[in-house]
Amino acid sequence: MQQPLISIITPNYNSEKFITDTIESVINQTYENWELIIVDDYSTDNSLHIIKQFVEKDARITLIKLSKNSGPAIARNMGIKTSKGNYIAFLDSDDSWFVNKLEKQLNFMEQKDIAFSFTSYYSFDENKNDRKLIKAKEFISYNNLLTNNYIGCLTVMYSVKHLGKVYFPDVLKRQDWALWLQITKNNVLAHGIKEPLANYTRRKSSVSSNKLNLLKYNWVVYRKFEKLNLVRSVFLMIILLSKKILK
């Protein structure tokens with residue numbers, strides 16, 4: 001029986017410092033039936049040159065170049081659109097995976113017939129210092145997810161058979177959280193793997209680095225995408241703020 005194909009979607013924008021580690025963490029996976037679709041969001045650094053060298057060496061790696069800078073949602077969606085996999089996973093161009101990430105996550109999903117899963121992961125600063133463990137919850141429902149984004153995008157994998165191809169809303173920030181809400185709203189539980197299987201880089205220049213600025217995008221998700229009423233949106237914002245303060 002042929003192994004399922006896993007499509008890995010990697011948006012890239014000016015990640016020359018990190019992209020080699022990212023790609024090598026995919027190439028080194030113990031599970032080998034994958035395709036890596038790198039969507040370059042009009043980079044101006046040397047990352048394109050680095051990516052092309054990998055493309056020439058491994059037929060499983062594809063490069064798509066956008067004609068203008070369009071943001072991570074558009075880049076990821078382009079990758080999803082062209083993907084051929086039974087499963088879709090996400091890995092940003094400054095993050096990396098443990099070598100057994102795909103194997104363990106696929107086995108977990110196949111054995112339990114799971115549509116949507118994520119894992120624990122480590123978070124580092126750009127110099128690989130200040131390591132923090134972000135623990136995955138066992139299950140996350142839509143209502144749980146409304147109070148906070150508990151799911152790291154770099155750890156997510158979903159089943160195309162169960163969900164079809166689902167796409168990120170076109171918003172600069174919090175588009176990953178908006179997609180997880182879209183998925184779980186349809187009575188789909190997100191299943192967590194307790195073992196950390198990925199490394200996340202906290203970049204000072206990333207669109208998610210300004211936590212206060214992110215709050216307005218939380219509001220956009222509540223009101224525009226989830227279409228929650230004013231009272232419930234305010235209530236959820238208070239819960240969210242209290243979590244951030246206590247953290």
# chains A, B, ... in the order shown; residues from 1 in each chain; ligands from 1

call {"tool": "select_by_dssp", "arguments": {"residues": "stretch 148-193 of chain A", "states": "strand (DSSP E or B)", "output": "list in words"}}
result
Met157, Tyr158, Ser159, Ala190, His191, Gly192 and Ile193 of chain A

call {"tool": "select_by_dssp", "arguments": {"residues": "stretch 16-191 of chain A", "states": "alpha helix (DSSP H)", "output": "ChimeraX atom specification"}}
result
/A:19-27,47-57,72-82,101-112,142-146,160-163,175-184

call {"tool": "residues_around", "arguments": {"residues": "A:Ser120", "least_positions_apart": "3", "cutoff": "7 Å", "atoms": "only C-alpha atoms", "output": "PDB file with N, CA and C atoms, in the first residue's frame"}}
result
ATOM      1  N   ILE A 134       6.293  25.084  24.567  1.00  0.00           N
ATOM      2  CA  ILE A 134       4.870  25.388  24.392  1.00  0.00           C
ATOM      3  C   ILE A 134       4.139  24.058  24.329  1.00  0.00           C
ATOM      4  N   LYS A 135       3.402  23.738  25.376  1.00  0.00           N
ATOM      5  CA  LYS A 135       2.775  22.427  25.504  1.00  0.00           C
ATOM      6  C   LYS A 135       1.434  22.372  24.773  1.00  0.00           C
ATOM      7  N   ALA A 136       1.243  21.316  24.025  1.00  0.00           N
ATOM      8  CA  ALA A 136      -0.027  21.102  23.322  1.00  0.00           C
ATOM      9  C   ALA A 136      -1.069  20.547  24.281  1.00  0.00           C
ATOM     10  N   ILE A 193      -0.563  16.474  20.184  1.00  0.00           N
ATOM     11  CA  ILE A 193       0.479  15.509  20.524  1.00  0.00           C
ATOM     12  C   ILE A 193       1.373  16.167  21.570  1.00  0.00           C
ATOM     13  N   LYS A 194       1.474  15.538  22.712  1.00  0.00           N
ATOM     14  CA  LYS A 194       2.197  16.145  23.834  1.00  0.00           C
ATOM     15  C   LYS A 194       3.687  16.316  23.569  1.00  0.00           C
ATOM     16  N   GLU A 195       4.258  15.445  22.783  1.00  0.00           N
ATOM     17  CA  GLU A 195       5.693  15.478  22.536  1.00  0.00           C
ATOM     18  C   GLU A 195       6.059  16.680  21.663  1.00  0.00           C
ATOM     19  N   PRO A 196       7.071  17.470  22.046  1.00  0.00           N
ATOM     20  CA  PRO A 196       7.510  18.574  21.180  1.00  0.00           C
ATOM     21  C   PRO A 196       8.209  18.032  19.941  1.00  0.00           C
ATOM     22  N   LEU A 197       7.788  18.521  18.762  1.00  0.00           N
ATOM     23  CA  LEU A 197       8.315  18.001  17.506  1.00  0.00           C
ATOM     24  C   LEU A 197       8.766  19.104  16.553  1.00  0.00           C
TER      25      LEU A 197
END

call {"tool": "residues_around", "arguments": {"residues": "stretch 59-71 of chain A", "least_positions_apart": "4", "cutoff": "6 Å", "atoms": "only C-alpha atoms", "output": "PDB file with C-alpha atoms, in the first residue's frame"}}
result
ATOM      1  CA  GLU A  35       6.437  17.421  -1.242  1.00  0.00           C
ATOM      2  CA  LEU A  36       7.764  20.761  -0.048  1.00  0.00           C
ATOM      3  CA  ILE A  37       6.136  23.753  -1.728  1.00  0.00           C
ATOM      4  CA  ILE A  38       8.038  26.956  -1.000  1.00  0.00           C
ATOM      5  CA  VAL A  39       6.178  30.129  -1.981  1.00  0.00           C
ATOM      6  CA  ASP A  40       8.493  33.114  -2.139  1.00  0.00           C
ATOM      7  CA  ASP A  41       6.693  36.343  -1.244  1.00  0.00           C
ATOM      8  CA  TYR A  42       8.881  38.629  -3.389  1.00  0.00           C
ATOM      9  CA  VAL A  55      15.242  22.601  -5.757  1.00  0.00           C
TER      10      VAL A  55
END

call {"tool": "closest_residue", "arguments": {"among": "A:Phe116, A:Phe18, A:Tyr167, A:Trp177", "to": "A:Lys128", "atoms": "only C-alpha atoms"}}
result
A:Phe18

call {"tool": "atom_distance", "arguments": {"atom1": "atom CA of A:Tyr121", "atom2": "atom CA of A:Lys52"}}
result
28.3 Å

call {"tool": "atom_distance", "arguments": {"atom1": "atom CA of A:Asp45", "atom2": "atom CA of A:Lys101"}}
result
29.1 Å
